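Structure data (compact mmCIF, C-alpha atoms) from query-v9.txt:
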```txt
# COMPACT_ATOMS: atom_id res chain seq x y z
CA MET Y 28 37.78 -11.12 4.08
CA ASN Y 29 37.64 -13.39 1.07
CA ASN Y 30 40.03 -15.75 2.77
CA LEU Y 31 37.47 -16.43 5.45
CA ASN Y 32 34.97 -17.81 2.97
CA LEU Y 33 32.07 -16.09 4.63
CA SER Y 34 28.82 -17.22 3.09
CA PRO Y 35 25.64 -15.17 3.30
CA LEU Y 36 22.81 -17.11 4.82
CA LYS Y 37 19.48 -16.36 6.44
CA LYS Y 38 19.02 -16.92 10.13
CA ILE Y 39 15.54 -18.02 11.08
CA GLU Y 40 14.58 -17.79 14.74
CA ILE Y 41 11.35 -19.60 15.54
CA ILE Y 42 9.84 -18.97 18.97
CA LEU Y 43 7.05 -21.34 19.93
CA GLU Y 44 5.80 -23.41 22.84
CA GLY Y 45 8.19 -26.17 23.80
CA ALA Y 46 5.46 -28.77 23.49
CA HIS Y 47 5.70 -28.35 19.72
CA GLN Y 48 9.46 -28.78 19.40
CA GLU Y 49 9.30 -32.12 17.62
CA PHE Y 50 6.72 -30.87 15.15
CA ALA Y 51 8.97 -27.95 14.32
CA THR Y 52 12.21 -29.89 13.97
CA ASP Y 53 10.46 -32.53 11.84
CA LEU Y 54 9.21 -29.77 9.55
CA LEU Y 55 12.72 -28.31 9.33
CA ASP Y 56 14.19 -31.72 8.55
CA ARG Y 57 11.72 -32.23 5.73
CA ALA Y 58 12.53 -28.74 4.37
CA GLY Y 59 16.16 -29.79 4.05
CA VAL Y 60 17.57 -27.96 7.05
CA THR Y 61 20.74 -29.73 8.11
CA GLY Y 62 21.00 -28.55 11.68
CA TYR Y 63 19.50 -26.39 14.37
CA THR Y 64 20.19 -25.02 17.81
CA ILE Y 65 17.52 -24.72 20.47
CA VAL Y 66 17.40 -22.23 23.33
CA GLY Y 67 15.11 -23.56 26.02
CA ASN Y 68 13.14 -22.14 28.90
CA LEU Y 69 12.29 -18.79 27.41
CA SER Y 70 9.44 -16.75 28.70
CA GLY Y 71 7.35 -14.33 26.75
CA LYS Y 72 4.33 -12.18 26.78
CA GLY Y 73 1.91 -10.55 24.42
CA ARG Y 74 2.01 -9.97 20.74
CA HIS Y 75 5.11 -9.53 18.62
CA GLY Y 76 5.61 -6.95 15.93
CA PHE Y 77 2.73 -6.90 13.54
CA HIS Y 78 1.28 -10.10 14.82
CA GLU Y 79 -2.35 -10.15 15.75
CA GLY Y 80 -4.03 -10.88 19.03
CA HIS Y 81 -4.44 -14.57 18.34
CA LEU Y 82 -0.68 -14.91 18.75
CA MET Y 83 -0.86 -14.13 22.43
CA PHE Y 84 1.58 -16.13 24.49
CA ASN Y 85 0.40 -17.75 27.67
CA GLU Y 86 2.81 -16.40 30.26
CA ASP Y 87 3.03 -19.80 31.92
CA ALA Y 88 3.97 -21.67 28.77
CA VAL Y 89 7.55 -22.79 28.34
CA LEU Y 90 8.81 -21.31 25.12
CA ILE Y 91 11.77 -22.34 23.04
CA MET Y 92 13.68 -20.62 20.27
CA ILE Y 93 14.87 -22.79 17.39
CA ILE Y 94 17.72 -21.18 15.45
CA VAL Y 95 18.62 -22.31 11.95
CA ALA Y 96 20.92 -20.91 9.28
CA VAL Y 97 19.71 -21.62 5.76
CA PRO Y 98 20.28 -20.52 2.17
CA GLY Y 99 17.85 -17.79 1.16
CA GLU Y 100 15.82 -20.08 -1.06
CA LEU Y 101 14.77 -22.16 1.95
CA VAL Y 102 13.12 -19.26 3.77
CA GLU Y 103 9.91 -19.35 1.77
CA PRO Y 104 9.21 -23.10 1.99
CA ILE Y 105 9.96 -23.08 5.70
CA LEU Y 106 7.61 -20.17 6.37
CA GLU Y 107 4.94 -21.77 4.22
CA GLY Y 108 5.39 -24.99 6.13
CA PHE Y 109 4.82 -23.25 9.45
CA SER Y 110 1.86 -21.26 8.19
CA PRO Y 111 -0.92 -23.73 9.11
CA PHE Y 112 0.65 -24.29 12.52
CA PHE Y 113 0.79 -20.61 13.37
CA ASN Y 114 -2.83 -20.20 12.35
CA SER Y 115 -3.78 -22.01 15.53
CA HIS Y 116 -0.74 -21.75 17.81
CA THR Y 117 1.21 -18.91 19.37
CA GLY Y 118 4.66 -18.04 18.16
CA VAL Y 119 6.77 -15.74 16.08
CA VAL Y 120 9.40 -16.10 13.38
CA PHE Y 121 12.30 -13.68 12.88
CA ILE Y 122 14.40 -13.68 9.71
CA SER Y 123 17.75 -11.90 9.44
CA ASP Y 124 20.89 -11.80 7.34
CA ILE Y 125 23.97 -13.50 8.68
CA GLN Y 126 27.28 -14.71 7.42
CA VAL Y 127 28.68 -18.08 8.33
CA SER Y 128 32.30 -18.99 7.90
CA ARG Y 129 32.82 -22.09 5.81
CA LEU Y 130 34.97 -23.57 8.47
CA VAL Y 131 35.76 -26.60 6.40
CA LYS Y 132 37.86 -24.36 4.17
CA PHE Y 133 40.20 -23.67 7.05
CA LYS Y 134 41.35 -27.25 7.03
CA SER Y 135 44.84 -27.89 5.81
CA MET C 12 8.68 -13.46 -1.45
CA ASN C 13 5.87 -10.94 -1.62
CA ASN C 14 3.41 -13.64 -0.83
CA LEU C 15 5.02 -14.14 2.55
CA ASN C 16 4.26 -10.58 3.60
CA LEU C 17 7.61 -10.14 5.27
CA SER C 18 7.72 -6.88 7.17
CA PRO C 19 10.98 -5.14 8.04
CA LEU C 20 11.30 -4.52 11.74
CA LYS C 21 14.06 -3.76 14.19
CA LYS C 22 15.08 -6.37 16.71
CA ILE C 23 16.18 -4.92 20.02
CA GLU C 24 18.08 -7.21 22.36
CA ILE C 25 18.45 -5.79 25.85
CA ILE C 26 20.85 -7.56 28.19
CA LEU C 27 20.63 -6.51 31.81
CA GLU C 28 20.54 -7.93 35.32
CA GLY C 29 17.49 -10.08 35.95
CA ALA C 30 16.59 -8.03 39.01
CA HIS C 31 15.53 -5.24 36.66
CA GLN C 32 13.26 -7.29 34.41
CA GLU C 33 10.03 -5.68 35.55
CA PHE C 34 11.43 -2.19 35.15
CA ALA C 35 12.44 -3.04 31.60
CA THR C 36 9.21 -4.69 30.55
CA ASP C 37 7.17 -1.85 32.08
CA LEU C 38 9.21 0.62 30.05
CA LEU C 39 8.65 -1.44 26.89
CA ASP C 40 4.92 -1.61 27.59
CA ARG C 41 4.72 2.15 27.95
CA ALA C 42 6.68 2.59 24.71
CA GLY C 43 3.99 0.65 22.89
CA VAL C 44 5.82 -2.66 22.50
CA THR C 45 3.24 -5.38 22.11
CA GLY C 46 5.30 -8.38 23.12
CA TYR C 47 8.66 -9.65 24.16
CA THR C 48 10.61 -12.82 24.70
CA ILE C 49 13.03 -13.27 27.58
CA VAL C 50 16.07 -15.53 27.65
CA GLY C 51 17.02 -16.17 31.26
CA ASN C 52 20.09 -17.27 33.15
CA LEU C 53 22.70 -15.72 30.93
CA SER C 54 26.17 -15.04 32.18
CA GLY C 55 28.47 -12.31 31.03
CA LYS C 56 31.67 -10.52 31.67
CA GLY C 57 33.32 -7.23 30.99
CA ARG C 58 32.48 -4.47 28.66
CA HIS C 59 30.65 -4.74 25.35
CA GLY C 60 31.60 -3.02 22.17
CA PHE C 61 32.18 0.65 22.66
CA HIS C 62 30.74 0.64 26.11
CA GLU C 63 32.79 2.10 28.88
CA GLY C 64 34.08 0.57 32.07
CA HIS C 65 31.07 1.54 34.11
CA LEU C 66 29.12 -1.09 32.20
CA MET C 67 31.10 -3.91 33.73
CA PHE C 68 29.00 -6.94 34.48
CA ASN C 69 29.35 -8.65 37.83
CA GLU C 70 30.15 -12.21 36.87
CA ASP C 71 27.87 -13.51 39.61
CA ALA C 72 24.84 -11.55 38.50
CA VAL C 73 22.06 -13.37 36.71
CA LEU C 74 21.56 -11.67 33.38
CA ILE C 75 18.59 -11.82 31.08
CA MET C 76 18.10 -10.88 27.45
CA ILE C 77 14.81 -9.29 26.49
CA ILE C 78 14.07 -9.59 22.78
CA VAL C 79 11.53 -7.37 21.07
CA ALA C 80 10.65 -6.72 17.44
CA VAL C 81 9.46 -3.19 16.79
CA PRO C 82 8.86 -0.76 13.94
CA GLY C 83 11.90 1.44 13.31
CA GLU C 84 10.28 4.51 14.77
CA LEU C 85 10.11 2.89 18.20
CA VAL C 86 13.88 2.37 18.47
CA GLU C 87 14.68 5.92 19.48
CA PRO C 88 12.04 6.33 22.21
CA ILE C 89 12.97 2.95 23.67
CA LEU C 90 16.68 3.76 23.77
CA GLU C 91 15.94 7.16 25.25
CA GLY C 92 13.76 5.50 27.85
CA PHE C 93 16.56 3.18 28.90
CA SER C 94 19.18 5.92 28.92
CA PRO C 95 18.85 7.02 32.56
CA PHE C 96 18.78 3.39 33.68
CA PHE C 97 22.00 2.49 31.88
CA ASN C 98 23.74 5.50 33.36
CA SER C 99 23.80 3.67 36.65
CA HIS C 100 23.32 0.00 35.79
CA THR C 101 25.21 -2.53 33.71
CA GLY C 102 23.82 -3.73 30.44
CA VAL C 103 23.97 -3.52 26.71
CA VAL C 104 21.48 -3.01 23.87
CA PHE C 105 21.87 -4.50 20.40
CA ILE C 106 19.78 -3.30 17.45
CA SER C 107 19.51 -5.22 14.19
CA ASP C 108 17.37 -5.52 11.09
CA ILE C 109 14.97 -8.41 10.88
CA GLN C 110 11.99 -9.44 8.88
CA VAL C 111 8.89 -10.88 10.46
CA SER C 112 6.27 -12.75 8.52
CA ARG C 113 2.80 -11.36 8.93
CA LEU C 114 1.49 -14.73 9.85
CA VAL C 115 -2.07 -13.54 9.99
CA LYS C 116 -1.97 -13.23 6.21
CA PHE C 117 -1.52 -16.95 5.87
CA LYS C 118 -4.99 -17.55 7.20
CA SER C 119 -7.57 -18.78 4.76
CA MET E 14 18.87 9.07 15.17
CA ASN E 15 22.24 10.81 15.35
CA ASN E 16 21.53 11.78 18.90
CA LEU E 17 21.50 8.13 19.88
CA ASN E 18 25.10 7.65 18.80
CA LEU E 19 24.40 4.25 17.32
CA SER E 20 27.63 2.57 16.30
CA PRO E 21 27.76 -0.18 13.70
CA LEU E 22 29.37 -3.31 15.05
CA LYS E 23 29.49 -6.97 14.16
CA LYS E 24 27.75 -9.48 16.37
CA ILE E 25 29.51 -12.81 16.54
CA GLU E 26 27.56 -15.74 17.91
CA ILE E 27 29.72 -18.76 18.66
CA ILE E 28 27.91 -22.02 19.41
CA LEU E 29 30.10 -24.77 20.81
CA GLU E 30 30.18 -27.42 23.51
CA GLY E 31 30.12 -25.94 26.98
CA ALA E 32 33.25 -27.88 27.93
CA HIS E 33 35.21 -25.50 25.74
CA GLN E 34 33.90 -22.25 27.20
CA GLU E 35 37.15 -21.23 28.85
CA PHE E 36 39.15 -21.90 25.70
CA ALA E 37 36.78 -19.69 23.75
CA THR E 38 36.65 -16.80 26.20
CA ASP E 39 40.45 -16.88 26.57
CA LEU E 40 40.76 -16.63 22.81
CA LEU E 41 38.32 -13.71 22.74
CA ASP E 42 40.21 -11.96 25.52
CA ARG E 43 43.47 -12.27 23.62
CA ALA E 44 41.78 -10.94 20.46
CA GLY E 45 40.89 -7.78 22.36
CA VAL E 46 37.19 -8.46 22.94
CA THR E 47 36.11 -6.46 25.93
CA GLY E 48 33.03 -8.39 26.96
CA TYR E 49 30.73 -11.25 26.14
CA THR E 50 27.42 -12.76 27.08
CA ILE E 51 26.86 -16.49 27.32
CA VAL E 52 23.60 -18.35 26.80
CA GLY E 53 23.85 -21.75 28.45
CA ASN E 54 22.12 -25.08 28.15
CA LEU E 55 21.38 -25.02 24.47
CA SER E 56 20.68 -28.16 22.56
CA GLY E 57 21.40 -28.78 18.95
CA LYS E 58 21.52 -31.32 16.23
CA GLY E 59 23.10 -31.93 12.90
CA ARG E 60 25.00 -29.71 10.59
CA HIS E 61 24.56 -25.97 10.22
CA GLY E 62 24.46 -24.06 7.00
CA PHE E 63 27.29 -25.01 4.73
CA HIS E 64 29.14 -26.86 7.41
CA GLU E 65 30.25 -30.35 6.68
CA GLY E 66 29.47 -33.59 8.40
CA HIS E 67 32.36 -33.42 10.81
CA LEU E 68 30.52 -30.60 12.54
CA MET E 69 27.81 -32.91 13.78
CA PHE E 70 26.62 -32.09 17.26
CA ASN E 71 26.20 -34.85 19.78
CA GLU E 72 22.59 -34.44 20.87
CA ASP E 73 23.58 -35.11 24.48
CA ALA E 74 26.26 -32.44 24.61
CA VAL E 75 25.51 -29.25 26.47
CA LEU E 76 26.01 -26.39 24.07
CA ILE E 77 26.53 -22.73 24.81
CA MET E 78 26.29 -19.63 22.70
CA ILE E 79 28.85 -16.90 23.32
CA ILE E 80 27.70 -13.51 22.03
CA VAL E 81 30.14 -10.68 21.41
CA ALA E 82 29.86 -7.31 19.69
CA VAL E 83 33.06 -6.20 18.03
CA PRO E 84 34.34 -3.66 15.50
CA GLY E 85 34.45 -5.13 12.00
CA GLU E 86 38.22 -5.40 11.96
CA LEU E 87 38.13 -7.93 14.80
CA VAL E 88 36.00 -10.44 12.88
CA GLU E 89 38.83 -11.86 10.82
CA PRO E 90 41.35 -12.42 13.64
CA ILE E 91 38.66 -14.00 15.79
CA LEU E 92 37.57 -16.39 13.05
CA GLU E 93 41.16 -17.24 12.28
CA GLY E 94 41.78 -17.88 15.95
CA PHE E 95 38.90 -20.35 16.11
CA SER E 96 39.84 -22.08 12.87
CA PRO E 97 42.12 -24.78 14.32
CA PHE E 98 39.61 -25.49 17.06
CA PHE E 99 36.71 -26.03 14.68
CA ASN E 100 38.81 -28.35 12.57
CA SER E 101 38.42 -30.92 15.31
CA HIS E 102 35.40 -29.81 17.35
CA THR E 103 31.74 -29.26 16.60
CA GLY E 104 30.32 -25.78 16.48
CA VAL E 105 29.18 -22.93 14.32
CA VAL E 106 29.83 -19.20 14.11
CA PHE E 107 27.25 -16.64 12.96
CA ILE E 108 28.22 -13.07 12.03
CA SER E 109 25.70 -10.28 11.64
CA ASP E 110 25.43 -6.51 11.54
CA ILE E 111 24.17 -4.76 14.62
CA GLN E 112 24.10 -1.31 16.03
CA VAL E 113 24.94 -0.58 19.62
CA SER E 114 24.03 2.62 21.35
CA ARG E 115 27.01 4.39 22.88
CA LEU E 116 25.22 4.58 26.16
CA VAL E 117 27.99 6.57 27.76
CA LYS E 118 26.93 9.49 25.59
CA PHE E 119 23.61 9.64 27.37
CA LYS E 120 25.34 10.67 30.56
CA SER E 121 24.77 14.21 31.71
```
The structure given in the file should be rewritten as structure tokens.
Amino acid sequence: MNNLNLSPLKKIEIILEGAHQEFATDLLDRAGVTGYTIVGNLSGKGRHGFHEGHLMFNEDAVLIMIIVAVPGELVEPILEGFSPFFNSHTGVVFISDIQVSRLVKFKS
Amino acid sequence: MNNLNLSPLKKIEIILEGAHQEFATDLLDRAGVTGYTIVGNLSGKGRHGFHEGHLMFNEDAVLIMIIVAVPGELVEPILEGFSPFFNSHTGVVFISDIQVSRLVKFKS
Amino acid sequence: MNNLNLSPLKKIEIILEGAHQEFATDLLDRAGVTGYTIVGNLSGKGRHGFHEGHLMFNEDAVLIMIIVAVPGELVEPILEGFSPFFNSHTGVVFISDIQVSRLVKFKS
């Protein structure tokens, strides 16, 4: 599938309370992220994965998921940027491998 | 990225009719899942992947996606737990590899 | 986990303006996709990944994410099918590896 110009990127999914959306997108902007998609009105409960009890979601809180696709080298600075925030706020961050088609290459 | 303490987990995305949310989250609780996030008000149509015709979604049904991140060894018991349910209800389950940062390690 | 009959598939997540939902699902139907799930009312901003400036989202536009799970050989025709569309419309396509349980095999 070389002709599709698929580029390996990392998808970062950040789930946090909606009240902190602007903080999160500002942080992403400063990290050099060029775009994001937000899924609103999530609900959640409890702890995620290996996360500890202080990451308990309030079931009444409106959660959002911010999705970004970034080159691998941006994962570490983004996670480090969110570190102080997640020390005192609920949330979870998922990282996974994706491929994104370089759609611009399709242009004639 | 050792300093980020990224842990490999499995992400399970369960799409099913919203009417069955409590059944699903109860099953996850009993399987030892410590948290989940729910995306509401999805719509869907038809069959997914290799699934057979009996998994047809009703286009009018309100669907939800329940997202959990679990250690690999929990995938099998969770899928087995949902097996009888999906024999008679529509839905689909996606499993993928993710990494989750052990945010607690960022604490000073 | 052989007994779970997990099948490797590709998950394609297509984010585009909701006004173009029918175009997209028609294209998927013609490509042989047997089902999809749609997450509505997303918001987004800016460019994604390696995408160029012409892929700027209008912050006021209602975005949707169409999720499909397909065999690997369907990825290329689907991306090619969307290529002309994305030359003149905003959006992004993520591709990732997933496993889907062949739930039909659980039947007695």
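For the set Y:Thr52, Y:Asn32, Y:Lys38, Y:Ser110, the residue with the smallest atom-to-atom gap to Ser109 in chain E is Y:Lys38, counting only C-alpha atoms.
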Please put the answer as AutoDock Vina command-line options: centre and edge lengths, in Å with one decimal, of a box along x, y and z that encloses all listed atoms of range 31-39 of chain E plus 3 Å on each side.
```
--center_x 35.3 --center_y -22.3 --center_z 26.3 --size_x 16.3 --size_y 17.1 --size_z 11.1
```
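The closest residue to chain Y, picked from E:Ile91, E:Ile108, E:Leu19, E:Val83 and counting all atoms listed in the file, is E:Ile108.
For the pair CA of Ile78 in chain C and CA of Pro111 in chain Y, the interatomic distance is 24.7 Å.
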Within 6 Å of chain Y, which residues belong to chain C? Use all atoms listed in the file and report them as a PDB file with C-alpha atoms, keeping the file's coordinate frame.
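selection.pdb was written with the following content:
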```
ATOM      1  CA  THR C  45       3.240  -5.380  22.110  1.00  0.00           C
ATOM      2  CA  GLY C  46       5.300  -8.380  23.120  1.00  0.00           C
ATOM      3  CA  TYR C  47       8.660  -9.650  24.160  1.00  0.00           C
ATOM      4  CA  THR C  48      10.610 -12.820  24.700  1.00  0.00           C
ATOM      5  CA  ILE C  49      13.030 -13.270  27.580  1.00  0.00           C
ATOM      6  CA  VAL C  50      16.070 -15.530  27.650  1.00  0.00           C
ATOM      7  CA  ALA C  80      10.650  -6.720  17.440  1.00  0.00           C
ATOM      8  CA  VAL C  81       9.460  -3.190  16.790  1.00  0.00           C
ATOM      9  CA  ILE C 109      14.970  -8.410  10.880  1.00  0.00           C
ATOM     10  CA  GLN C 110      11.990  -9.440   8.880  1.00  0.00           C
ATOM     11  CA  VAL C 111       8.890 -10.880  10.460  1.00  0.00           C
ATOM     12  CA  PHE C 117      -1.520 -16.950   5.870  1.00  0.00           C
TER      13      PHE C 117
END
```
So which residues touch Gly83 in chain C within 9 Å, counting all atoms listed in the file, skipping near sequence neighbours fewer than 6 positions away, as a PyMOL selection string? chain C and resi 19-21
